[in-house]
Structures are given as C-alpha cells and as structure tokens.
$ cat my_file-v6.cif   # mmCIF, C-alpha atoms
data_entry
#
loop_
_atom_site.label_atom_id
_atom_site.label_comp_id
_atom_site.auth_asym_id
_atom_site.auth_seq_id
_atom_site.Cartn_x
_atom_site.Cartn_y
_atom_site.Cartn_z
CA MET Q 134 -34.60 -49.63 -10.33
CA ILE Q 135 -31.94 -52.19 -9.39
CA LYS Q 136 -34.69 -54.69 -8.54
CA PHE Q 137 -36.27 -54.11 -11.96
CA PHE Q 138 -33.00 -54.86 -13.79
CA ARG Q 139 -32.40 -57.94 -11.63
CA ASN Q 140 -35.89 -59.32 -12.35
CA THR Q 141 -35.58 -58.66 -16.08
CA ARG Q 142 -32.19 -60.38 -16.20
CA LYS Q 143 -33.58 -63.36 -14.26
CA GLN Q 144 -36.56 -63.65 -16.58
CA LEU Q 145 -34.41 -63.69 -19.72
CA PHE Q 146 -32.08 -66.28 -18.23
CA THR Q 147 -34.87 -68.63 -17.11
CA GLU Q 148 -36.57 -68.38 -20.55
CA ASN Q 149 -33.31 -69.54 -22.21
CA LYS Q 150 -33.05 -66.31 -24.19
CA PHE Q 151 -29.29 -66.32 -23.80
CA THR Q 152 -28.50 -63.92 -26.67
CA LYS Q 153 -30.93 -61.35 -25.37
CA TYR Q 154 -29.62 -61.92 -21.87
CA LEU Q 155 -26.05 -61.34 -23.06
CA PHE Q 156 -26.94 -58.11 -24.81
CA TYR Q 157 -28.95 -57.00 -21.84
CA ALA Q 158 -26.08 -57.77 -19.44
CA ILE Q 159 -23.65 -55.86 -21.65
CA GLY Q 160 -26.07 -52.92 -21.80
CA GLU Q 161 -26.42 -53.00 -18.04
CA ILE Q 162 -22.63 -52.93 -17.64
CA ILE Q 163 -22.41 -49.99 -20.07
CA LEU Q 164 -25.06 -48.13 -18.09
CA VAL Q 165 -23.13 -48.75 -14.87
CA VAL Q 166 -19.88 -47.54 -16.47
CA ILE Q 167 -21.62 -44.43 -17.82
CA GLY Q 168 -23.05 -43.78 -14.37
CA ILE Q 169 -19.59 -44.06 -12.81
CA LEU Q 170 -18.09 -41.76 -15.43
CA ILE Q 171 -20.83 -39.19 -14.87
CA ALA Q 172 -20.26 -39.39 -11.11
CA LEU Q 173 -16.49 -38.94 -11.59
CA GLN Q 174 -17.06 -36.05 -13.97
CA PHE Q 175 -19.38 -34.37 -11.48
CA ASN Q 176 -16.87 -34.95 -8.68
CA ASN Q 177 -14.05 -33.47 -10.80
CA TRP Q 178 -16.25 -30.51 -11.69
CA ASN Q 179 -17.03 -29.94 -8.02
CA ILE Q 180 -13.32 -30.13 -7.10
CA ASP Q 181 -12.46 -27.66 -9.88
CA ARG Q 182 -15.19 -25.31 -8.66
CA ILE Q 183 -13.88 -25.41 -5.08
CA GLU Q 184 -10.29 -24.85 -6.29
CA ARG Q 185 -11.40 -21.88 -8.40
CA GLN Q 186 -13.09 -20.36 -5.37
CA GLU Q 187 -9.92 -20.86 -3.32
CA GLU Q 188 -7.87 -19.39 -6.16
CA LYS Q 189 -10.01 -16.26 -6.22
CA LYS Q 190 -9.78 -15.97 -2.43
CA LEU Q 191 -5.97 -16.19 -2.62
CA TYR Q 192 -5.85 -13.53 -5.33
CA ARG Q 193 -7.97 -11.19 -3.21
CA ASN Q 194 -5.75 -11.79 -0.16
CA ILE Q 195 -2.61 -11.10 -2.21
CA GLN Q 196 -4.21 -7.96 -3.61
CA ARG Q 197 -5.06 -6.67 -0.13
CA GLN Q 198 -1.50 -7.30 1.10
CA ILE Q 199 0.23 -5.55 -1.76
CA GLU Q 200 -2.25 -2.66 -1.62
CA ASP Q 201 -1.20 -2.20 2.02
CA ASP Q 202 2.43 -2.35 0.86
CA ARG Q 203 1.71 0.24 -1.81
CA LYS Q 204 0.30 2.60 0.82
CA GLU Q 205 3.37 2.15 3.02
CA LEU Q 206 5.79 2.49 0.11
CA THR Q 207 4.13 5.68 -1.09
CA HIS Q 208 4.39 7.10 2.44
CA PHE Q 209 8.07 6.21 2.88
CA LYS Q 210 8.93 7.33 -0.65
CA ALA Q 211 7.61 10.79 0.20
CA ILE Q 212 9.60 10.85 3.47
CA ASN Q 213 12.74 9.70 1.67
CA ASN Q 214 12.36 12.42 -0.97
CA TYR Q 215 11.88 15.05 1.73
CA PHE Q 216 15.11 13.97 3.44
CA SER Q 217 16.92 13.93 0.11
CA ALA Q 218 15.85 17.52 -0.60
CA THR Q 219 17.08 18.71 2.83
CA TYR Q 220 20.44 16.96 2.31
CA LYS Q 221 20.86 18.73 -1.02
CA HIS Q 222 20.03 22.05 0.64
CA ALA Q 223 22.61 21.36 3.38
CA ASN Q 224 25.24 20.53 0.79
CA LYS Q 225 24.61 23.89 -0.90
CA ILE Q 226 25.15 25.67 2.44
CA ILE Q 227 28.45 23.82 2.92
CA ARG Q 228 29.59 24.53 -0.61
CA ALA Q 229 28.84 28.24 -0.11
CA GLN Q 230 30.53 28.16 3.32
CA ASP Q 231 27.59 30.22 4.58
CA PHE Q 232 28.27 30.35 8.33
CA THR Q 233 25.15 32.48 8.94
CA LYS Q 234 23.14 29.28 8.46
CA SER Q 235 25.08 27.11 10.89
CA ASP Q 236 22.06 26.58 13.15
CA SER Q 237 19.94 25.47 10.17
CA LEU Q 238 22.75 23.19 9.09
CA ALA Q 239 22.93 21.75 12.61
CA LEU Q 240 19.21 20.95 12.55
CA ILE Q 241 19.54 19.25 9.17
CA ALA Q 242 22.54 17.30 10.42
CA MET Q 243 20.54 16.10 13.43
CA GLY Q 244 17.82 15.02 11.01
CA LEU Q 245 20.30 12.72 9.31
CA SER Q 246 19.56 10.17 12.02
CA GLN Q 247 16.00 9.89 10.64
CA TYR Q 248 15.36 7.76 7.58
CA SER Q 249 12.61 5.94 5.70
CA ASP Q 250 12.32 2.31 6.74
CA PHE Q 251 9.85 0.22 4.73
CA ASN Q 252 8.86 -3.28 5.81
CA SER Q 253 6.52 -5.36 3.66
CA SER Q 254 3.35 -6.83 5.19
CA GLY Q 255 4.58 -10.40 4.62
CA ASN Q 256 6.53 -12.80 2.41
CA ILE Q 257 3.68 -13.62 0.05
CA TYR Q 258 5.47 -15.98 -2.33
CA GLU Q 259 7.25 -17.89 0.45
CA THR Q 260 3.95 -18.23 2.34
CA LEU Q 261 2.24 -19.61 -0.77
CA VAL Q 262 5.02 -22.17 -1.25
CA ASN Q 263 5.11 -23.26 2.39
CA SER Q 264 1.32 -23.56 2.64
CA GLY Q 265 1.06 -25.53 -0.60
CA ASN Q 266 -1.35 -22.94 -2.03
CA LEU Q 267 0.97 -21.96 -4.89
CA LYS Q 268 -0.36 -24.83 -7.00
CA LEU Q 269 -3.88 -23.32 -6.78
CA LEU Q 270 -2.77 -20.20 -8.66
CA LYS Q 271 -3.03 -21.01 -12.36
CA ASN Q 272 -1.73 -17.68 -13.67
CA ASP Q 273 2.05 -18.10 -13.93
CA GLU Q 274 2.53 -14.43 -14.82
CA ILE Q 275 1.06 -13.40 -11.46
CA THR Q 276 3.13 -15.85 -9.43
CA SER Q 277 6.37 -14.91 -11.19
CA SER Q 278 5.56 -11.20 -10.73
CA ILE Q 279 5.00 -11.76 -7.00
CA GLN Q 280 8.34 -13.55 -6.80
CA GLN Q 281 10.03 -10.62 -8.57
CA LEU Q 282 8.34 -8.14 -6.22
CA GLU Q 283 9.72 -9.94 -3.19
CA THR Q 284 13.20 -9.78 -4.75
CA THR Q 285 12.70 -6.02 -5.05
CA TYR Q 286 11.63 -5.92 -1.39
CA ILE Q 287 14.89 -7.65 -0.46
CA ASN Q 288 16.79 -4.90 -2.28
CA VAL Q 289 14.77 -2.28 -0.42
CA ASN Q 290 15.62 -3.90 2.92
CA LYS Q 291 19.32 -4.05 2.00
CA LEU Q 292 19.36 -0.31 1.37
CA GLU Q 293 17.49 0.32 4.65
CA THR Q 294 20.11 -1.74 6.49
CA ILE Q 295 22.97 0.11 4.78
CA HIS Q 296 21.35 3.42 5.73
CA TRP Q 297 21.03 2.39 9.38
CA ASP Q 298 24.62 1.13 9.53
CA ILE Q 299 25.93 4.41 8.09
CA ILE Q 300 23.96 6.41 10.67
CA MET Q 301 25.24 4.33 13.57
CA ASN Q 302 28.84 3.92 12.47
CA GLU Q 303 29.58 7.24 10.76
CA LEU Q 304 27.05 9.90 11.70
CA THR Q 305 26.61 9.36 15.45
CA PRO Q 306 30.32 9.73 16.36
CA LEU Q 307 30.57 12.78 14.09
CA LEU Q 308 27.62 14.63 15.61
CA LYS Q 309 28.35 13.87 19.25
CA SER Q 310 31.19 16.39 19.35
CA THR Q 311 29.59 18.87 16.96
CA VAL Q 312 25.94 19.43 17.89
CA ASN Q 313 24.17 20.01 21.20
CA TYR Q 314 21.03 17.87 20.93
CA ASP Q 315 19.40 19.63 23.90
CA ALA Q 316 19.86 23.17 22.58
CA PHE Q 317 19.53 22.21 18.91
CA LYS Q 318 22.66 24.23 18.16
CA ALA Q 319 26.11 23.58 16.81
CA VAL Q 320 28.76 23.77 19.55
CA LYS Q 321 31.49 23.52 16.94
CA PRO Q 322 29.86 25.05 13.86
CA GLU Q 323 33.09 24.96 11.85
CA LYS Q 324 33.01 21.14 11.92
CA LEU Q 325 29.66 21.19 10.09
CA TYR Q 326 31.42 22.77 7.12
CA GLU Q 327 34.31 20.33 6.99
CA VAL Q 328 34.75 17.66 4.36
CA GLU Q 329 33.69 14.79 6.66
CA MET Q 330 30.21 16.26 7.14
CA GLN Q 331 29.89 17.24 3.50
CA ASN Q 332 30.85 13.74 2.45
CA PHE Q 333 28.17 12.33 4.72
CA PHE Q 334 25.55 14.58 3.15
CA VAL Q 335 26.68 13.59 -0.34
CA GLU Q 336 26.64 9.92 0.64
CA SER Q 337 23.12 10.36 2.01
CA ILE Q 338 21.99 12.07 -1.21
CA TYR Q 339 23.18 9.12 -3.29
CA LEU Q 340 21.61 6.64 -0.86
CA THR Q 341 18.21 8.35 -0.81
CA SER Q 342 18.33 8.53 -4.60
CA ALA Q 343 18.96 4.77 -4.77
CA LYS Q 344 16.12 4.16 -2.33
CA ASP Q 345 13.76 6.30 -4.39
CA THR Q 346 14.64 4.24 -7.47
CA VAL Q 347 13.90 0.93 -5.78
CA TYR Q 348 10.73 2.29 -4.11
CA SER Q 349 9.49 3.37 -7.53
CA LYS Q 350 10.34 -0.03 -9.00
CA ALA Q 351 8.37 -1.79 -6.26
CA LEU Q 352 5.38 0.50 -6.78
CA ARG Q 353 5.37 -0.20 -10.54
CA GLU Q 354 5.52 -3.94 -9.88
CA ILE Q 355 2.65 -3.71 -7.39
CA ASP Q 356 0.51 -1.80 -9.88
CA ALA Q 357 1.23 -4.42 -12.55
CA ILE Q 358 0.29 -7.30 -10.21
CA ILE Q 359 -2.94 -5.58 -9.16
CA GLU Q 360 -3.86 -5.11 -12.81
CA LEU Q 361 -3.15 -8.79 -13.54
CA ILE Q 362 -5.22 -9.89 -10.55
CA ASN Q 363 -8.14 -7.64 -11.53
CA THR Q 364 -8.08 -9.18 -14.99
CA GLU Q 365 -7.86 -12.69 -13.54
CA LEU Q 366 -10.74 -12.13 -11.13
CA GLY Q 367 -12.81 -10.95 -14.07
CA THR Q 368 -12.11 -14.13 -16.05
CA VAL Q 369 -12.26 -16.78 -13.32
CA SER Q 370 -15.87 -17.86 -12.87
CA ASP Q 371 -17.48 -19.30 -9.76
#
$ encode --input "my_file-v6.cif" --output "structure tokens"
Amino acid sequence: MIKFFRNTRKQLFTENKFTKYLFYAIGEIILVVIGILIALQFNNWNIDRIERQEEKKLYRNIQRQIEDDRKELTHFKAINNYFSATYKHANKIIRAQDFTKSDSLALIAMGLSQYSDFNSSGNIYETLVNSGNLKLLKNDEITSSIQQLETTYINVNKLETIHWDIIMNELTPLLKSTVNYDAFKAVKPEKLYEVEMQNFFVESIYLTSAKDTVYSKALREIDAIIELINTELGTVSD
C-alpha cells in the first residue's frame, strides 16, 4: 500500500501535475493523521477496558473483605449482647442484695474478664491509597463510604481498648481477693455486693451498650457499601 502511494506521487510529480500532486499529498497526510487518531483512539479504548476490568476486580476484593468483616462483626455483636445481658442480671442481684445467688454472681463476675474484640480484615482505604489503586475507582460514593467505615472501625477499636484497660486496671485487682478462680466460688461473697463491684457492672453495661451501637453502625455501613458495589458491578461493562 505504501509502495502504491509512493509510485502514484512520483508519477504525478514527474508529469508536472503539481496541483494534483499537492492535493494528493495533502490527502495522503490527512489519511496518515486519521490513521494515527484511530490508533490512538483504539489504544485509549484498550486502556479504558483494562482499567474497567481492574476496577471491577478491586470492587470484588473490597466486597469480599467487608463481607468477612460483617461476619465477624455479627459474631462479636452477639457475644457483646450476651455479656451485656448477664451484667444487667448481676446488677439486679446486687440491687436486691440476694445473697443466695452469690455463687452465680461470682461466676458472672469472673466472666467480666471476657469481652468482644473485633479486628477488621484490613485497612482497605489506606491500602488503596498506598497502592495507587484508589484512582481506578470511579465511584466517589463508594470510596468515601469505605473511608467512613474505616473511621467507624477506629471507634470500635478505641472501645475495645478501653474495655481491656478497664478489665486489667479495675477488675483484676478487685476479683483477686474476692473470687477463687479454681473453685469458681466467692471467698468473700459480701464484697460482690459492695458498691465497687456494682459500679463495675454498671460501667460494663454502658460500655457494652456503646459497643453495640458502634457495631450496628459498622454493619449498616457495610450493607450500604455492598449495595453500592453490587449496583456498580451491574453498570460497569467489560
């Protein structure tokens, strides 16, 4: 094809058909430019297609991670609610000063050292930023929702840390002189009914309530992100 154009151009030039040669040369340049533009357009289309595939892959990975988080959160939310219910029951025993239930109260008090401790599967937003993949995600609502979810996770972790600190600094010293861990019995049952222990139960009730609130918030945010991703995966074509 190139040889054909070259021969045609040479023929027009040697026959002194300058005007025709000029038009032909201009036409040839236009054809070359069009060819380049088509090639660039195809290259851009191919790049866009690859980026869309990567975008969909990232959305699926994010969805899998937060679905794992949802499973864990649901599990720990149930554990937290169970502990909260036992703390409320213990507080009722203390309020009633029912010494016939001192052994039950001792068992519940020993259970105060157990608590729900959620840890997310990874820092999704931070990973996206550090890897440079954030720019591949075109849906700003999804990325901002992920960022908000990780803020909620931080609040969850703060409450878990507070809970652990309270157990170590307040509960452990209190129980050491009150409950026999080997016999699962209260050695000084009267101390279980004193204000220090009741205050600890009340404090734990408020803490588990706060944790339930933030667990629920995280679960709602996860459900919203999954819905957004499902919609996005349905609209992004290969």
$ closest_residue --input "my_file-v6.cif" --among "Q:Phe232, Q:Tyr286, Q:Leu269, Q:Ile275" --to "Q:Tyr348" --atoms "only C-alpha atoms"
Q:Tyr286
$ closest_residue --input "my_file-v6.cif" --among "Q:Asn288, Q:Thr364, Q:Ser253, Q:Ser246" --to "Q:Pro306" --atoms "all atoms listed in the file"
Q:Ser246
$ resolve_selection --input "my_file-v6.cif" --expression "the PyMOL selection byres ((chain Q and resi 292-299) around 12)" --output "ChimeraX atom specification"
/Q:209,213,245-252,285-291,300-307,332-334,336-348
$ axis_aligned_box --input "my_file-v6.cif" --around "stretch 207-218 of chain Q" --padding-each-side "6 Å" --output "AutoDock Vina command-line options"
--center_x 10.5 --center_y 11.6 --center_z 1.2 --size_x 24.8 --size_y 23.8 --size_z 16.6
$ closest_residue --input "my_file-v6.cif" --among "Q:Leu270, Q:Val335, Q:Leu191, Q:Ile355" --to "Q:Arg203" --atoms "all atoms listed in the file"
Q:Ile355
$ atom_distance --input "my_file-v6.cif" --atom1 "atom CA of Q:Asp315" --atom2 "atom CA of Q:Ser237"
14.9 Å
$ atom_distance --input "my_file-v6.cif" --atom1 "atom CA of Q:Gly367" --atom2 "atom CA of Q:Tyr258"
22.3 Å
$ closest_residue --input "my_file-v6.cif" --among "Q:Thr276, Q:Ala239, Q:Lys350, Q:Ile226" --to "Q:Ala316" --atoms "all atoms listed in the file"
Q:Ala239
$ residues_around --input "my_file-v6.cif" --residues "Q:Leu267" --least-positions-apart "2" --cutoff "12 Å" --atoms "all atoms listed in the file" --output "ChimeraX atom specification"
/Q:184,187-188,191-192,195,257-265,269-273,275-277,279-280
$ atom_distance --input "my_file-v6.cif" --atom1 "atom CA of Q:Leu325" --atom2 "atom CA of Q:Ala211"
26.3 Å
$ closest_residue --input "my_file-v6.cif" --among "Q:Asn363, Q:Thr219, Q:Asn224, Q:Gln196" --to "Q:Met330" --atoms "only C-alpha atoms"
Q:Asn224
$ closest_residue --input "my_file-v6.cif" --among "Q:Leu206, Q:Ala218, Q:Met243, Q:Ile199" --to "Q:Asn256" --atoms "only C-alpha atoms"
Q:Ile199
